[in-house]
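Worksheet: one structure, shown below.
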Amino acid sequence: MAFTGFFLITFLIVHAGINSCIFLNDNGETFNTVAHFMSHNWILRFLEIGLFVGLILHIVQGLMLWRQNAAARPVKYYSNKPEKNSKWYSRSMGLLGTLLLIFLVIHLSHFYVGTKIALYVHNDEPHNLYEEMREVFQQWWVVLIYLAGIVALFWHLMHGFQSAFQSLGLNNKKFVPIIKVAGFGYTVIICLAFALMPIAFHFHWIS
Amino acid sequence: MEHYNMNLTLKVWKQKNSKAKGSFETYQVKNISSEMSFLEMFDVLNEQLIEENKEPIAFDHDCREGICGMCSMYINGQAHGPWQQNTTCQLHMRAFKDGDTIVVEPWRSRAFPVIRDLVVDRTSFDRIIQAGGYISVNTGNAVDANALPIDKKDADAAFMAAACIGCGACVATCKNGSAMLFTSAKVSQLALLPQGAPERESRVLNMVAQMDKEGFGNCTNTYACEAECPKGISVSNIARMNREFLSAELNSED
């Protein structure tokens with residue numbers, strides 16, 4: 001969980017970084033150039049396979065944990081107050097992860113499938129991903145779905161970031177507060193960057 | 001602190017043996033002093049049941065000083081009741097008020113089967129200790145107490161881990177029924193000291209393997225165990241065990 005989690009955390013930095021090119025407000029020129037490079041460079045094509053493998057492993061590990069942990073307590077408590085001893089989101093990683101998976105399916109059908117069809121089916125015809133984003137985010141309900149997905153991502157990362165360090169034993173009394181602050185900072189920056197994208201397109205903050 | 005008496009309704013888990021299907025029984029107790037401990041309140045209830053020719057409730061207890069780890073009980077949805085860093089025997093009735101209904105359940109875990117009522121079998125913990133929670137010593141006379149220099153910092157950390165009384169509250173409270181806090185405390189107390197060095201790698205591998213074999217769940221770092229531990233054992237021990245495990249796994253050739 002921690003190894004694949006770190007891998008996905010790293011991916012999000014790249015994803016948020018590249019997508020932030022839309023905020024340059026140059027009619028998507030920079031963004032489309034980078035997107036073109038990302039979808040044509042063979043090293044990145046290879047890494048993309050790794051990304052899907054990492055994601056699937058993360059899901060499979062999560063399912064295995066869920067099954068084993070459910071079996072560890074066959075008789076549940078009649079009265080239980082977990083809110084007295086732990087944070088709700090640390091106990092809800094499976095639920096948050098499922099919401100994220102649903103969001104990912106919608107997200108990939110919006111932007112990934114179209115890019116791939118242009119690349120492989122239509123013999124690499126020019127594909128304006130920036131225009132596609134602008135169109136998709138004109139519908140208010142799409143913006144709402146994206147914001148809901150980002151909320152799920154926020155809480156998933158709030159637990160996941162520091163939890164990955166704990167699982168690998170990469171912390172101690174001195175580093176725990178630093179890791180917690182870094183995790184909070186990372187989560188806020190990533191989620192804010194992602195949340196601003198659909199909002200900026202929808203309200204025409206960028207041309 | 002002001003003293004008061006209270007009447008309470010108790011909903012207690014009753015189960016004949018590990019095979020039987022249990023259920024809750026409701027009892028009334030009257031004139032319970034706020035200065036009684038939770039177990040003394042149970043003594044009053046059991047006296048009452050014996051006088052009525054009914055079966056008393058079976059529960060674990062021994063020292064009643066908060067140091068043996070024998071008492072258990074999941075009280076109103078929390079291991080050892082509502083107070084933090086506290087065992088059931090040290091929980092006083094002033095934590096409750098007149099007219100309260102208190103739900104009392106045994107620890108719930110596949111690795112802690114119910115023996116009777118509120119008594120669970122915690123020998124799975126003993127088997128984890130047997131798998132590696134010991135050190136090699138020279139036979140002959142006891143060595144001089146200060147023959148081996150140990151950093152004060154390490155001695156303190158080992159002592160903090162050694163404070164674990166093996167009560168099982170960590171397992172009981174964990175949403176996954178994981179025994180990582182217990183096992184990591186037992187690994188840490190020896191891993192931090194030079195006396196624990198000879199078996200350092202085999203210890204962590206064997207104890208973790210035994211822990212998994214017993215059917216405990218996996219740690220997902222909710223840290224509920226630390227919050228409910230009567231001895232305040234830190235989850236930094238779990239991080240240490242994870243480190244020990246990774247390095248032992250890398251060094252192990254079988």
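Residues are named by chain letter and number: chains run A, B, ... in the order of the structure tokens, numbers start at 1 in each chain, and ligands are numbered from 1 in the order shown.
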
*asked:* Would you pick out the contacts of range 233-243 of chain B at 10 Å or less, using only C-alpha atoms, so that residues sharing its chain but fewer than 3 positions from it are not included, and give the list as a PyMOL selection string?
replied: (chain A and resi 165-173+176) or (chain B and resi 85+157-158+160-165+170+180-189+191-192+204-205+208+219+221-230+246-249)

*From range 36-207 of chain B, collect each residue whose DSSP state is alpha helix (DSSP H) and return the set as a PyMOL selection string.*
chain B and resi 38-51+123-130+152-162+169-173+180-191+200-207

The selected residues should be written to file as a compact mmCIF listing (two decimals), in the first residue's frame (atoms: C-alpha atoms).
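For reference, result_35.txt as written:
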# COMPACT_ATOMS: atom_id res chain seq x y z
CA PHE B 38 -16.00 -0.45 37.70
CA LEU B 39 -15.01 -3.98 38.80
CA GLU B 40 -16.31 -3.37 42.33
CA MET B 41 -19.63 -2.43 40.77
CA PHE B 42 -19.51 -5.81 38.96
CA ASP B 43 -18.76 -7.51 42.31
CA VAL B 44 -21.91 -5.93 43.74
CA LEU B 45 -23.91 -7.12 40.75
CA ASN B 46 -22.51 -10.66 41.03
CA GLU B 47 -23.29 -10.81 44.79
CA GLN B 48 -26.80 -9.78 43.92
CA LEU B 49 -27.06 -12.48 41.22
CA ILE B 50 -25.72 -15.17 43.58
CA GLU B 51 -28.30 -14.18 46.20
CA THR B 123 -3.10 -16.89 24.59
CA SER B 124 -2.52 -15.76 21.00
CA PHE B 125 -0.42 -12.97 22.60
CA ASP B 126 1.57 -15.59 24.51
CA ARG B 127 2.29 -17.45 21.29
CA ILE B 128 3.56 -14.23 19.67
CA ILE B 129 5.96 -13.81 22.62
CA GLN B 130 7.02 -17.46 22.36
CA LYS B 152 19.89 6.74 28.57
CA LYS B 153 17.72 7.62 25.55
CA ASP B 154 17.56 3.97 24.42
CA ALA B 155 16.97 2.72 27.95
CA ASP B 156 14.05 5.16 28.31
CA ALA B 157 12.52 4.21 24.95
CA ALA B 158 12.88 0.49 25.74
CA PHE B 159 11.27 1.09 29.12
CA MET B 160 8.36 2.96 27.53
CA ALA B 161 7.77 -0.01 25.20
CA ALA B 162 8.14 -2.47 28.08
CA ALA B 169 -7.10 -3.12 24.23
CA CYS B 170 -5.17 -2.25 21.05
CA VAL B 171 -6.62 -5.25 19.22
CA ALA B 172 -10.07 -4.68 20.71
CA THR B 173 -10.22 -1.05 19.64
CA MET B 180 0.64 -4.36 15.67
CA LEU B 181 0.89 -2.12 18.75
CA PHE B 182 1.36 -5.08 21.12
CA THR B 183 3.81 -6.91 18.84
CA SER B 184 5.78 -3.76 18.06
CA ALA B 185 6.12 -2.90 21.77
CA LYS B 186 7.48 -6.40 22.44
CA VAL B 187 9.86 -6.18 19.47
CA SER B 188 10.98 -2.64 20.39
CA GLN B 189 11.78 -3.26 24.04
CA LEU B 190 14.43 -5.80 22.99
CA ALA B 191 15.54 -4.27 19.67
CA ARG B 200 17.22 -9.13 16.54
CA GLU B 201 16.40 -10.18 12.97
CA SER B 202 14.83 -13.58 13.58
CA ARG B 203 12.77 -12.08 16.39
CA VAL B 204 10.88 -9.57 14.28
CA LEU B 205 10.36 -12.00 11.40
CA ASN B 206 9.08 -14.80 13.65
CA MET B 207 6.87 -12.61 15.83

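Relative to CA of Gly217 in chain B, CA of Lys81 in chain A is found at 19.1 Å.
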
Identify, on the basis of only C-alpha atoms, every residue whose closest approach to Arg67 in chain A does not exceed 12 Å; exclude the query and any residue fewer than 4 positions from it along the same chain; express the result as a PDB file with C-alpha atoms, in the first residue's frame.
ATOM      1  CA  VAL A  60      -5.733  -5.061  -5.267  1.00  0.00           C
ATOM      2  CA  GLN A  61      -3.734  -4.490  -2.058  1.00  0.00           C
ATOM      3  CA  GLY A  62      -6.595  -2.399  -0.694  1.00  0.00           C
ATOM      4  CA  LEU A  63      -9.119  -5.139  -1.452  1.00  0.00           C
ATOM      5  CA  ALA A  71     -12.302 -11.494   8.756  1.00  0.00           C
ATOM      6  CA  ALA A  72     -10.286 -10.475  11.849  1.00  0.00           C
ATOM      7  CA  ARG A  73     -13.491  -9.416  13.650  1.00  0.00           C
ATOM      8  CA  PRO A  74     -16.281 -11.881  12.824  1.00  0.00           C
ATOM      9  CA  GLY A  94     -11.687   2.069   1.412  1.00  0.00           C
TER      10      GLY A  94
ATOM     11  CA  ASN B 176      -9.050  -4.087  11.782  1.00  0.00           C
ATOM     12  CA  GLY B 217      -5.934  -7.933  11.038  1.00  0.00           C
ATOM     13  CA  ASN B 218      -3.548  -5.503   9.345  1.00  0.00           C
TER      14      ASN B 218
END

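By only C-alpha atoms, and with residues fewer than 6 positions from Ile13 in chain A along its chain excluded, the set lying at most 12 Å from it is Phe6, Phe7, Asn19, Ser20, Tyr186, Thr187, Ile189, Ile190, Cys191, Ala193 and Phe194 of chain A.
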
Kindly save the residues from that selection, with C-alpha atoms included, as a PDB file, in the first residue's frame.
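Contents of result.pdb, as written:
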ATOM      1  CA  PHE A   6       4.200   6.852  -2.834  1.00  0.00           C
ATOM      2  CA  PHE A   7       4.290   6.095  -6.543  1.00  0.00           C
ATOM      3  CA  ASN A  19      -2.061  20.666 -16.060  1.00  0.00           C
ATOM      4  CA  SER A  20      -1.253  23.927 -14.294  1.00  0.00           C
ATOM      5  CA  TYR A 186       1.135  18.657  -0.399  1.00  0.00           C
ATOM      6  CA  THR A 187      -2.554  17.734  -0.127  1.00  0.00           C
ATOM      7  CA  ILE A 189      -1.580  22.436  -3.017  1.00  0.00           C
ATOM      8  CA  ILE A 190      -2.422  19.428  -5.209  1.00  0.00           C
ATOM      9  CA  CYS A 191      -6.161  19.568  -4.501  1.00  0.00           C
ATOM     10  CA  ALA A 193      -4.551  23.180  -8.252  1.00  0.00           C
ATOM     11  CA  PHE A 194      -6.895  20.455  -9.491  1.00  0.00           C
TER      12      PHE A 194
END

*So how far away is CA of His36 in chain A from CA of Glu125 in chain A, in Å?*
11.2 Å

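Residues in contact with Leu55 in chain A at 9 Å, where only C-alpha atoms are counted and same-chain residues fewer than 3 positions away are skipped, are listed as Thr4, Gly5, Phe7, Leu8, Gly50, Leu51, Phe52, His58, Ile59 and Val60 of chain A.
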
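For the pair CA of Gln139 in chain A and CA of Phe154 in chain A, the interatomic distance is 23.0 Å.
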
*Given the choices B:Asp98, B:Asp60, B:Glu105, B:Asp144, which gets closest to chain A if the distance is worked out from only C-alpha atoms?*
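Comparing B:Asp98, B:Asp60, B:Glu105, B:Asp144 against chain A, the winner is B:Glu105.
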